[in-house]
Structures are given as structure tokens and as C-alpha cells.
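Participant: I'm passing along upload.json; it holds JSON, C-alpha atoms.
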[["chain", "number", "residue", "atom", "x", "y", "z"],
["U", 184, "MET", "CA", -46.52, -42.33, 27.36],
["U", 185, "GLN", "CA", -44.04, -39.80, 28.67],
["U", 186, "MET", "CA", -41.71, -40.62, 25.75],
["U", 187, "ARG", "CA", -44.53, -39.96, 23.26],
["U", 188, "HIS", "CA", -45.36, -36.65, 24.91],
["U", 189, "HIS", "CA", -41.68, -35.72, 24.71],
["U", 190, "MET", "CA", -41.59, -36.61, 20.99],
["U", 191, "ASP", "CA", -44.73, -34.49, 20.31],
["U", 192, "PHE", "CA", -43.16, -31.52, 22.04],
["U", 193, "ARG", "CA", -39.95, -31.92, 20.03],
["U", 194, "PHE", "CA", -41.98, -32.18, 16.81],
["U", 195, "LYS", "CA", -43.82, -28.95, 17.66],
["U", 196, "ILE", "CA", -40.53, -27.16, 18.32],
["U", 197, "ILE", "CA", -39.14, -28.35, 14.97],
["U", 198, "ILE", "CA", -42.29, -27.19, 13.16],
["U", 199, "LEU", "CA", -42.09, -23.81, 14.92],
["U", 200, "LEU", "CA", -38.40, -23.37, 14.07],
["U", 201, "GLY", "CA", -39.07, -24.47, 10.50],
["U", 202, "GLY", "CA", -41.87, -21.92, 10.19],
["U", 203, "ILE", "CA", -39.69, -19.14, 11.57],
["U", 204, "SER", "CA", -36.84, -20.14, 9.25],
["U", 205, "ILE", "CA", -39.11, -20.13, 6.17],
["U", 206, "PHE", "CA", -40.52, -16.75, 7.24],
["U", 207, "LEU", "CA", -37.01, -15.33, 7.60],
["U", 208, "PHE", "CA", -35.42, -16.97, 4.56],
["U", 209, "VAL", "CA", -38.02, -15.96, 1.97],
["U", 210, "GLY", "CA", -37.09, -12.33, 2.56],
["U", 211, "CYS", "CA", -39.90, -11.39, 4.89],
["U", 212, "VAL", "CA", -37.58, -9.78, 7.39],
["U", 213, "SER", "CA", -34.65, -7.67, 6.29],
["U", 214, "TYR", "CA", -32.47, -4.98, 7.79],
["U", 215, "GLN", "CA", -30.65, -2.35, 5.76],
["U", 216, "MET", "CA", -27.82, -0.10, 6.84],
["U", 217, "VAL", "CA", -26.66, 2.72, 4.57],
["U", 218, "LYS", "CA", -23.95, 5.34, 5.03],
["U", 219, "SER", "CA", -22.94, 8.15, 2.74],
["U", 220, "VAL", "CA", -20.08, 10.60, 3.20],
["U", 221, "GLU", "CA", -19.29, 13.60, 1.02],
["U", 222, "GLY", "CA", -16.18, 15.64, 1.59],
["U", 223, "SER", "CA", -13.15, 15.45, 3.84],
["U", 224, "PRO", "CA", -13.26, 15.88, 7.61],
["U", 225, "VAL", "CA", -13.58, 19.51, 8.63],
["U", 226, "ILE", "CA", -10.65, 20.51, 10.78],
["U", 227, "SER", "CA", -11.66, 22.18, 14.01],
["U", 228, "PRO", "CA", -10.24, 25.74, 14.11],
["U", 229, "GLY", "CA", -9.54, 25.59, 17.85],
["U", 230, "THR", "CA", -7.44, 28.56, 18.85],
["U", 231, "THR", "CA", -5.52, 28.70, 15.57],
["U", 232, "LEU", "CA", -7.86, 31.26, 14.03],
["U", 233, "VAL", "CA", -8.07, 34.72, 15.56],
["U", 234, "ILE", "CA", -10.74, 37.17, 14.49],
["U", 235, "GLY", "CA", -9.21, 40.44, 13.30],
["U", 236, "LYS", "CA", -5.78, 38.88, 12.85],
["U", 237, "THR", "CA", -5.92, 35.68, 10.77],
["U", 238, "THR", "CA", -5.71, 36.29, 7.03],
["U", 239, "LEU", "CA", -7.19, 34.47, 4.04],
["U", 240, "TYR", "CA", -3.67, 33.29, 3.21],
["U", 241, "ASP", "CA", -3.35, 31.59, 6.65],
["U", 242, "VAL", "CA", -6.69, 29.84, 6.22],
["U", 243, "LEU", "CA", -6.02, 28.60, 2.68],
["U", 244, "PHE", "CA", -2.56, 27.41, 3.72],
["U", 245, "ARG", "CA", -3.88, 25.54, 6.75],
["U", 246, "PHE", "CA", -7.23, 24.20, 5.50],
["U", 247, "GLY", "CA", -6.77, 24.05, 1.72],
["U", 248, "ALA", "CA", -9.41, 24.98, -0.85],
["U", 249, "PRO", "CA", -12.90, 25.55, 0.57],
["U", 250, "ASN", "CA", -16.02, 23.82, -0.74],
["U", 251, "GLN", "CA", -17.88, 27.05, -1.38],
["U", 252, "VAL", "CA", -17.12, 30.75, -1.82],
["U", 253, "ILE", "CA", -19.87, 33.32, -1.45],
["U", 254, "GLU", "CA", -19.92, 37.11, -1.60],
["U", 255, "MET", "CA", -22.08, 38.62, 1.16],
["U", 256, "GLU", "CA", -22.67, 42.36, 1.00],
["U", 257, "GLY", "CA", -19.09, 43.52, 1.26],
["U", 258, "ARG", "CA", -17.84, 40.44, 3.10],
["U", 259, "ASN", "CA", -16.55, 37.20, 1.63],
["U", 260, "LEU", "CA", -17.63, 33.87, 3.05],
["U", 261, "ILE", "CA", -15.68, 30.67, 2.56],
["U", 262, "LEU", "CA", -17.21, 27.41, 3.61],
["U", 263, "TYR", "CA", -15.68, 24.04, 4.50],
["U", 264, "GLU", "CA", -18.30, 21.34, 4.64],
["U", 265, "ARG", "CA", -18.70, 17.60, 5.10],
["U", 266, "ILE", "CA", -22.03, 15.84, 4.66],
["U", 267, "LEU", "CA", -22.78, 12.58, 6.46],
["U", 268, "TYR", "CA", -25.94, 10.58, 5.80],
["U", 269, "ARG", "CA", -26.95, 7.45, 7.67],
["U", 270, "GLN", "CA", -30.03, 5.33, 7.17],
["U", 271, "ASN", "CA", -31.30, 2.24, 8.94],
["U", 272, "ALA", "CA", -34.36, 0.34, 7.80],
["U", 273, "LEU", "CA", -36.22, -2.70, 9.02],
["U", 274, "THR", "CA", -38.72, -4.37, 6.70],
["U", 275, "ILE", "CA", -41.17, -7.04, 7.68],
["U", 276, "GLY", "CA", -43.52, -8.28, 4.99],
["U", 277, "ILE", "CA", -44.70, -11.11, 2.80],
["U", 278, "PRO", "CA", -43.77, -10.60, -0.86],
["U", 279, "VAL", "CA", -46.92, -12.10, -2.36],
["U", 280, "MET", "CA", -47.48, -9.99, -5.45],
["U", 281, "GLY", "CA", -44.16, -8.22, -5.72],
["U", 282, "GLU", "CA", -43.04, -9.95, -8.90],
["U", 283, "ILE", "CA", -46.12, -8.96, -10.88],
["U", 284, "GLY", "CA", -46.37, -5.47, -9.50],
["U", 285, "GLY", "CA", -49.25, -5.93, -7.10],
["U", 286, "PRO", "CA", -49.44, -4.87, -3.47],
["U", 287, "ASN", "CA", -47.50, -6.65, -0.77],
["U", 288, "PHE", "CA", -48.12, -7.23, 2.86],
["U", 289, "ASP", "CA", -45.36, -5.00, 4.03],
["U", 290, "PHE", "CA", -44.45, -3.18, 7.18],
["U", 291, "SER", "CA", -41.25, -1.21, 7.18],
["U", 292, "ALA", "CA", -39.60, 1.37, 9.39],
["U", 293, "ARG", "CA", -36.90, 3.67, 8.05],
["U", 294, "GLY", "CA", -34.84, 6.39, 9.64],
["U", 295, "GLY", "CA", -32.50, 8.61, 7.63],
["U", 296, "LEU", "CA", -30.41, 11.37, 9.13],
["U", 297, "THR", "CA", -28.20, 13.90, 7.33],
["U", 298, "ARG", "CA", -25.64, 15.70, 9.43],
["U", 299, "TYR", "CA", -23.30, 18.51, 8.43],
["U", 300, "ASP", "CA", -19.88, 19.47, 9.68],
["U", 301, "THR", "CA", -19.42, 23.08, 8.69],
["U", 302, "LEU", "CA", -16.78, 25.71, 9.15],
["U", 303, "ALA", "CA", -17.89, 29.11, 7.89],
["U", 304, "LEU", "CA", -15.29, 31.88, 7.77],
["U", 305, "PHE", "CA", -16.13, 35.49, 6.98],
["U", 306, "PHE", "CA", -13.50, 37.86, 5.61],
["U", 307, "THR", "CA", -13.34, 41.60, 5.08],
["U", 308, "PRO", "CA", -12.49, 42.88, 1.57],
["U", 309, "ASP", "CA", -8.90, 43.20, 2.91],
["U", 310, "HIS", "CA", -8.84, 39.39, 3.49],
["U", 311, "ILE", "CA", -8.88, 39.61, 7.30],
["U", 312, "LEU", "CA", -11.02, 37.13, 9.24],
["U", 313, "CYS", "CA", -13.94, 39.02, 10.77],
["U", 314, "ASP", "CA", -16.26, 36.21, 11.93],
["U", 315, "MET", "CA", -16.43, 32.42, 12.08],
["U", 316, "VAL", "CA", -18.88, 29.65, 12.87],
["U", 317, "CYS", "CA", -18.07, 25.99, 13.40],
["U", 318, "GLU", "CA", -20.80, 23.35, 13.60],
["U", 319, "ARG", "CA", -20.09, 19.66, 14.22],
["U", 320, "GLY", "CA", -23.26, 17.85, 13.21],
["U", 321, "SER", "CA", -21.51, 14.49, 13.07],
["U", 322, "HIS", "CA", -21.06, 14.58, 16.84],
["U", 323, "ARG", "CA", -24.81, 14.43, 17.34],
["U", 324, "PRO", "CA", -26.06, 10.92, 18.22],
["U", 325, "TYR", "CA", -27.98, 9.14, 15.45],
["U", 326, "LEU", "CA", -30.99, 7.80, 17.33],
["U", 327, "LYS", "CA", -31.38, 10.73, 19.71],
["U", 328, "SER", "CA", -31.27, 13.22, 16.83],
["U", 329, "LEU", "CA", -33.64, 11.13, 14.74],
["U", 330, "PHE", "CA", -36.32, 10.78, 17.39],
["U", 331, "SER", "CA", -35.99, 14.24, 18.90],
["U", 332, "ASP", "CA", -38.94, 16.53, 18.19],
["U", 333, "LYS", "CA", -36.78, 19.62, 18.60],
["U", 334, "GLU", "CA", -35.48, 21.34, 15.49],
["U", 335, "LYS", "CA", -32.03, 21.80, 17.03],
["C", 267, "MET", "CA", -34.75, -53.95, 28.95],
["C", 268, "GLY", "CA", -31.12, -53.94, 29.71],
["C", 269, "ASN", "CA", -30.32, -52.85, 26.17],
["C", 270, "ASP", "CA", -27.15, -50.75, 26.36],
["C", 271, "HIS", "CA", -27.54, -49.61, 22.79],
["C", 272, "GLY", "CA", -30.76, -47.67, 23.47],
["C", 273, "GLU", "CA", -34.24, -48.20, 22.07],
["C", 274, "ALA", "CA", -33.28, -47.82, 18.38],
["C", 275, "GLY", "CA", -30.51, -50.35, 18.79],
["C", 276, "ILE", "CA", -27.80, -47.86, 17.84],
["C", 277, "HIS", "CA", -24.52, -47.90, 19.64],
["C", 278, "PRO", "CA", -24.24, -44.78, 21.90],
["C", 279, "ARG", "CA", -20.99, -43.80, 20.27],
["C", 280, "LEU", "CA", -22.51, -44.02, 16.79],
["C", 281, "ARG", "CA", -25.52, -42.07, 17.99],
["C", 282, "ARG", "CA", -23.25, -39.35, 19.39],
["C", 283, "ILE", "CA", -21.47, -39.13, 16.03],
["C", 284, "ILE", "CA", -24.82, -38.84, 14.20],
["C", 285, "VAL", "CA", -25.97, -36.10, 16.57],
["C", 286, "GLU", "CA", -22.66, -34.29, 16.17],
["C", 287, "LEU", "CA", -22.85, -34.55, 12.37],
["C", 288, "SER", "CA", -26.43, -33.24, 12.37],
["C", 289, "ARG", "CA", -25.34, -30.29, 14.47],
["C", 290, "VAL", "CA", -22.44, -29.51, 12.13],
["C", 291, "ARG", "CA", -24.71, -29.87, 9.09],
["C", 292, "PHE", "CA", -27.25, -27.53, 10.70],
["C", 293, "ILE", "CA", -24.56, -24.92, 11.40],
["C", 294, "ILE", "CA", -23.24, -25.21, 7.83],
["C", 295, "ILE", "CA", -26.75, -24.75, 6.41],
["C", 296, "ILE", "CA", -27.39, -21.69, 8.60],
["C", 297, "VAL", "CA", -24.02, -20.11, 7.81],
["C", 298, "THR", "CA", -24.42, -20.80, 4.08],
["C", 299, "ALA", "CA", -27.93, -19.40, 4.10],
["C", 300, "LEU", "CA", -26.88, -16.26, 5.94],
["C", 301, "CYS", "CA", -23.80, -15.65, 3.83],
["C", 302, "CYS", "CA", -25.32, -16.23, 0.42],
["C", 303, "GLY", "CA", -26.08, -12.99, -1.31],
["C", 304, "CYS", "CA", -24.43, -10.63, -3.70],
["C", 305, "ALA", "CA", -22.27, -7.56, -3.75],
["C", 306, "ALA", "CA", -21.91, -4.61, -6.10],
["C", 307, "PHE", "CA", -19.17, -2.03, -6.43],
["C", 308, "GLY", "CA", -19.43, 1.23, -8.33],
["C", 309, "LYS", "CA", -17.25, 4.21, -9.14],
["C", 310, "ASN", "CA", -18.20, 7.64, -10.49],
["C", 311, "LYS", "CA", -15.81, 10.33, -11.61],
["C", 312, "GLU", "CA", -16.35, 14.00, -12.42],
["C", 313, "VAL", "CA", -13.34, 14.81, -14.52],
["C", 314, "GLN", "CA", -11.68, 18.17, -14.89],
["C", 315, "THR", "CA", -8.17, 18.04, -16.24],
["C", 316, "PHE", "CA", -5.95, 20.16, -14.05],
["C", 317, "SER", "CA", -2.54, 19.26, -12.79],
["C", 318, "ALA", "CA", -1.30, 19.70, -9.25],
["C", 319, "ALA", "CA", 2.23, 20.29, -10.60],
["C", 320, "SER", "CA", 1.16, 23.56, -12.27],
["C", 321, "ILE", "CA", 0.50, 25.14, -8.87],
["C", 322, "ASP", "CA", 4.20, 25.72, -8.35],
["C", 323, "LYS", "CA", 4.21, 28.14, -11.31],
["C", 324, "LEU", "CA", 1.73, 30.49, -9.63],
["C", 325, "VAL", "CA", 3.04, 33.75, -8.17],
["C", 326, "PRO", "CA", 0.54, 35.84, -6.21],
["C", 327, "GLY", "CA", 0.77, 39.49, -7.25],
["C", 328, "GLN", "CA", 2.04, 38.55, -10.72],
["C", 329, "THR", "CA", 0.00, 35.71, -12.19],
["C", 330, "THR", "CA", -3.10, 36.89, -14.05],
["C", 331, "ALA", "CA", -6.50, 35.26, -14.54],
["C", 332, "ALA", "CA", -5.51, 34.61, -18.17],
["C", 333, "ASP", "CA", -2.39, 32.72, -17.02],
["C", 334, "VAL", "CA", -4.51, 30.58, -14.71],
["C", 335, "THR", "CA", -7.02, 29.66, -17.42],
["C", 336, "GLN", "CA", -4.13, 28.86, -19.75],
["C", 337, "MET", "CA", -2.59, 26.52, -17.17],
["C", 338, "PHE", "CA", -5.73, 24.92, -15.72],
["C", 339, "GLY", "CA", -8.35, 25.38, -18.44],
["C", 340, "ALA", "CA", -11.81, 26.82, -18.00],
["C", 341, "PRO", "CA", -12.99, 27.02, -14.38],
["C", 342, "LEU", "CA", -16.03, 25.11, -13.25],
["C", 343, "GLN", "CA", -17.37, 28.19, -11.52],
["C", 344, "VAL", "CA", -16.59, 31.90, -11.34],
["C", 345, "VAL", "CA", -17.76, 33.68, -8.19],
["C", 346, "LYS", "CA", -18.05, 37.45, -7.91],
["C", 347, "MET", "CA", -16.36, 38.56, -4.69],
["C", 348, "SER", "CA", -16.50, 41.90, -2.90],
["C", 349, "ASN", "CA", -13.10, 42.89, -4.27],
["C", 350, "GLY", "CA", -12.59, 40.75, -7.38],
["C", 351, "ASN", "CA", -13.40, 37.23, -8.56],
["C", 352, "ALA", "CA", -12.74, 33.66, -7.51],
["C", 353, "TYR", "CA", -12.18, 30.83, -9.99],
["C", 354, "VAL", "CA", -13.18, 27.37, -8.79],
["C", 355, "TYR", "CA", -11.82, 24.11, -10.21],
["C", 356, "LYS", "CA", -13.27, 20.89, -8.91],
["C", 357, "ARG", "CA", -13.27, 17.19, -9.73],
["C", 358, "SER", "CA", -14.55, 14.27, -7.71],
["C", 359, "VAL", "CA", -14.32, 10.53, -7.24],
["C", 360, "ALA", "CA", -17.20, 8.61, -5.68],
["C", 361, "LYS", "CA", -17.11, 4.97, -4.69],
["C", 362, "GLY", "CA", -20.09, 2.87, -3.68],
["C", 363, "THR", "CA", -20.39, -0.56, -2.13],
["C", 364, "VAL", "CA", -23.57, -2.57, -1.69],
["C", 365, "VAL", "CA", -23.68, -5.99, -0.07],
["C", 366, "TRP", "CA", -26.90, -7.98, 0.11],
["C", 367, "LEU", "CA", -26.95, -10.86, 2.52],
["C", 368, "LEU", "CA", -30.03, -12.88, 3.22],
["C", 369, "LEU", "CA", -31.42, -10.82, 6.05],
["C", 370, "ILE", "CA", -29.11, -7.85, 6.14],
["C", 371, "SER", "CA", -27.92, -5.47, 3.46],
["C", 372, "PHE", "CA", -25.22, -2.84, 3.70],
["C", 373, "GLY", "CA", -24.65, 0.22, 1.54],
["C", 374, "ASN", "CA", -21.72, 2.59, 1.63],
["C", 375, "TYR", "CA", -21.05, 5.64, -0.55],
["C", 376, "GLU", "CA", -18.11, 8.01, -0.32],
["C", 377, "LYS", "CA", -17.40, 11.06, -2.46],
["C", 378, "GLN", "CA", -14.20, 13.08, -2.24],
["C", 379, "TYR", "CA", -12.95, 16.10, -4.16],
["C", 380, "ASP", "CA", -9.85, 17.64, -5.67],
["C", 381, "GLN", "CA", -10.35, 21.40, -5.50],
["C", 382, "LEU", "CA", -8.47, 24.48, -6.56],
["C", 383, "ILE", "CA", -9.58, 28.00, -5.85],
["C", 384, "PHE", "CA", -7.97, 31.20, -7.10],
["C", 385, "PHE", "CA", -8.78, 34.66, -5.82],
["C", 386, "PHE", "CA", -8.19, 37.62, -8.14],
["C", 387, "ASN", "CA", -8.42, 41.32, -7.41],
["C", 388, "ASP", "CA", -10.45, 43.71, -9.54],
["C", 389, "LYS", "CA", -7.49, 43.93, -11.95],
["C", 390, "ASP", "CA", -7.52, 40.13, -12.46],
["C", 391, "ILE", "CA", -4.23, 39.64, -10.63],
["C", 392, "LEU", "CA", -3.94, 36.55, -8.44],
["C", 393, "THR", "CA", -3.98, 37.45, -4.75],
["C", 394, "HIS", "CA", -4.51, 34.07, -3.04],
["C", 395, "TYR", "CA", -5.03, 30.45, -3.93],
["C", 396, "GLY", "CA", -5.89, 27.24, -2.13],
["C", 397, "ALA", "CA", -5.65, 23.60, -3.10],
["C", 398, "SER", "CA", -7.01, 20.35, -1.70],
["C", 399, "PHE", "CA", -6.39, 16.94, -3.24],
["C", 400, "ASN", "CA", -8.56, 14.36, -1.50],
["C", 401, "ALA", "CA", -10.26, 12.55, -4.39],
["C", 402, "ASP", "CA", -7.96, 9.55, -4.04],
["C", 403, "GLU", "CA", -9.14, 9.09, -0.46],
["C", 404, "ALA", "CA", -12.60, 7.89, -1.57],
["C", 405, "SER", "CA", -12.84, 4.21, -0.71],
["C", 406, "TYR", "CA", -15.08, 1.16, -0.81],
["C", 407, "GLY", "CA", -16.24, -0.20, 2.50],
["C", 408, "PHE", "CA", -18.99, -1.00, 4.94],
["C", 409, "PRO", "CA", -21.21, 1.52, 6.71],
["C", 410, "PHE", "CA", -19.73, 0.81, 10.13]]
Here is the file; what I need is its structure written in the form of C-alpha cells.
Facilitator:
Amino acid sequence: MQMRHHMDFRFKIIILLGGISIFLFVGCVSYQMVKSVEGSPVISPGTTLVIGKTTLYDVLFRFGAPNQVIEMEGRNLILYERILYRQNALTIGIPVMGEIGGPNFDFSARGGLTRYDTLALFFTPDHILCDMVCERGSHRPYLKSLFSDKEK
Amino acid sequence: MGNDHGEAGIHPRLRRIIVELSRVRFIIIIVTALCCGCAAFGKNKEVQTFSAASIDKLVPGQTTAADVTQMFGAPLQVVKMSNGNAYVYKRSVAKGTVVWLLLISFGNYEKQYDQLIFFFNDKDILTHYGASFNADEASYGFPF
């Protein structure tokens, strides 16, 4: 009697595992991870750049060609930029009508985050550094940034 | 009663081997199922024919905008600056990798640039230039 009960329990477990396996293997659950990078790492200026002293020549020699050059009302802006995009997605669904274009039972959650590393350098018409801004977006944590309600 | 070979009449050693084989088969099936999938690799290029070797011929204060266009061809972009113009030359290489496994898929995309920028004064004389050659650093890979 006890043996039979044991066998029934084992049979139920096998059925349950089989059901879960079928559910997983037919593509009902899938996880996607995507990363995109554009541009080279932006070198941190540290103390190497001094406002009022560093020239355009120094910057081009040290950092190479910038990604963008913009004229701003008498000042010249050169921009070094790197764009990082990361996306994670979890999809749970049953692809019933997918092949013939109908609706599916589908529940998916996606989170995409684009972060920028930017070094903006402003020069006078005489090619002297007059202002700079460095932003390291890639240092921001993925999940915390994604779920934060704050703009910054 | 008193049957050492168990209720099915199988020798314990043989039974152990069968159990072991089933376990191995189960692991092989799971691993095969998880690893089956497909992969795709892609490469995109934005071509602009300029040579890094020509940079050595540039002399700030002497080289003109006409010399630069003769050496490097037409610029991709000309930007009006506060005290002259800037000529921008750019080309890129992008590489993408996608791997689909049964439950997990990975995508990776990397784009890198070769860039040249020349600054000219209002008399079209070269004052500064900068160069970066990173296009070859674009690589295939995983997103982690």
C-alpha cells in the first residue's frame, strides 16, 4: 500500500516536471540580453586639463579627434562621446497563433537603458580651454537607473 | 521474501548501472536541449577612403584646406567655427553578434570610428588637427 502511494507520488512529480519542461521548451519562457556600444571609452580629464591654460593642440594630442564639433556664439565646443545601451527582457507566453499572425498569450517585461559618457570642452576663438564638463553615465547602475523615477 | 535482487528481480549492481545511465541520459538531453540554437554574426562598414599615412605630410600654419581635400578627399562634414572652419572625416566599423539558445538569447553590437578633424582659420590655413583610429577595435562578443 505504502509502495503504491510512493509510486503515485513519483508519477505525479514526473508529470509535473514533464509539464514544466514542455512549457519551457516550446519557447514559452525566454530571456534576452542585449548590449550596444558606440564609440571608444572617454578618457577622464582628471587634472590634466586646466581652464585658461590648456590649448586645443594639447587636447587633440591627448584625446585624438572628437566625435562632434560645434560653434556656440563665439566659443567652440568639441565633444567626446560614448553611447552604451543595455536591454534585458523576459517573455512568458504561449505562442498559439504566432505563425499565422494572430494574437498570442504573451506577457513580457523589457527594460532598456541608454547611458552616455561625455566630455564637453569649450574653447575661446584663440583655442584656449575656457570651460569643461565631464559626465560618466556608464557608472550609473543599470537597475537602479532604470527603476528610478527621478530624471537625474 | 529474502530476495536479494529486489522486487523486479534485477541484480542491485545492474539496477545501479541502469539508474546511472538514466541520469547521464537525462543530463545529456537537458544540456543538448539548452545548447541547441543558432548564432548570427554581422558586420557593417561606412567607408571613407583616407589614409593615416598622409597625416605626416600636414604642417600647421602652411597646409591649406585645398591641400587637405587633395590628400584626403571630400570631407564628410564641414562645420563653421567662430574663427574658421573644421573639416570632419569619419568612417566606421560595426560588428554584431546574436546567439539564440533555447531559453536565453544574447545580442551584442559594437561600433567604432576612425576620425580625422582639421581646423582651419578664416584664411583656410590649417591651425590644428586631430586623429583617432579605433575602427579596428570593434569586436564580436557577448553582452557581459
Participant: Choose the residue, out of U:Ile275, U:Ile203, U:Ile196, U:Val217, that has the smallest atom-to-atom separation from Thr363 of chain C; count all atoms listed in the file.
Facilitator: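 The answer is U:Val217, which sits nearest to Thr363 of chain C.
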Participant: Counting all atoms listed in the file, collect the residues of chain U whose closest atom lies at most 9 Å from chain C, and write them out as a VMD selection string.
Facilitator: chain U and resid 207 to 223 239 to 240 242 to 244 246 to 259 269 307 to 309
Participant: So what do you get for atom CA of Asp390 of chain C versus atom CA of Phe338 of chain C, distance-wise?
Facilitator: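 For atom CA of Asp390 of chain C relative to atom CA of Phe338 of chain C, the distance reads 15.7 Å.
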Participant: Write out as number ranges by chain the residues lying within 12 Å of segment 314-326 of chain U, counting only C-alpha atoms and excluding same-chain residues fewer than 5 positions away.
Facilitator: U: 218, 220, 224-230, 232-238, 242, 258-271, 293-307, 331-332, 335
Participant: I'd like the contact shell of segment 323-326 of chain C - 9 Å cut-off, all atoms listed in the file, skipping same-chain residues fewer than 3 positions apart - returned as a compact mmCIF listing (two decimals) with C-alpha atoms, in the coordinates of the input.
Facilitator:
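Result file is selection_34.txt:
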# COMPACT_ATOMS: atom_id res chain seq x y z
CA ALA C 319 2.23 20.29 -10.60
CA SER C 320 1.16 23.56 -12.27
CA THR C 329 0.00 35.71 -12.19
CA THR C 330 -3.10 36.89 -14.05
CA ASP C 333 -2.39 32.72 -17.02
CA VAL C 334 -4.51 30.58 -14.71
CA ILE C 391 -4.23 39.64 -10.63
CA LEU C 392 -3.94 36.55 -8.44
CA THR C 393 -3.98 37.45 -4.75
CA HIS C 394 -4.51 34.07 -3.04
CA TYR C 395 -5.03 30.45 -3.93
Participant: For a test of reading the model, state the distance in Å between atom CA of Ile197 of chain U and atom CA of Arg289 of chain C, rounded to one decimal.
Facilitator: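 If I compute the distance from atom CA of Ile197 of chain U to atom CA of Arg289 of chain C, I get 13.9 Å.
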Participant: One decimal, in Å: what's the spacing between atom CA of His310 of chain U and atom CA of Thr315 of chain C?
Facilitator: 29.1 Å
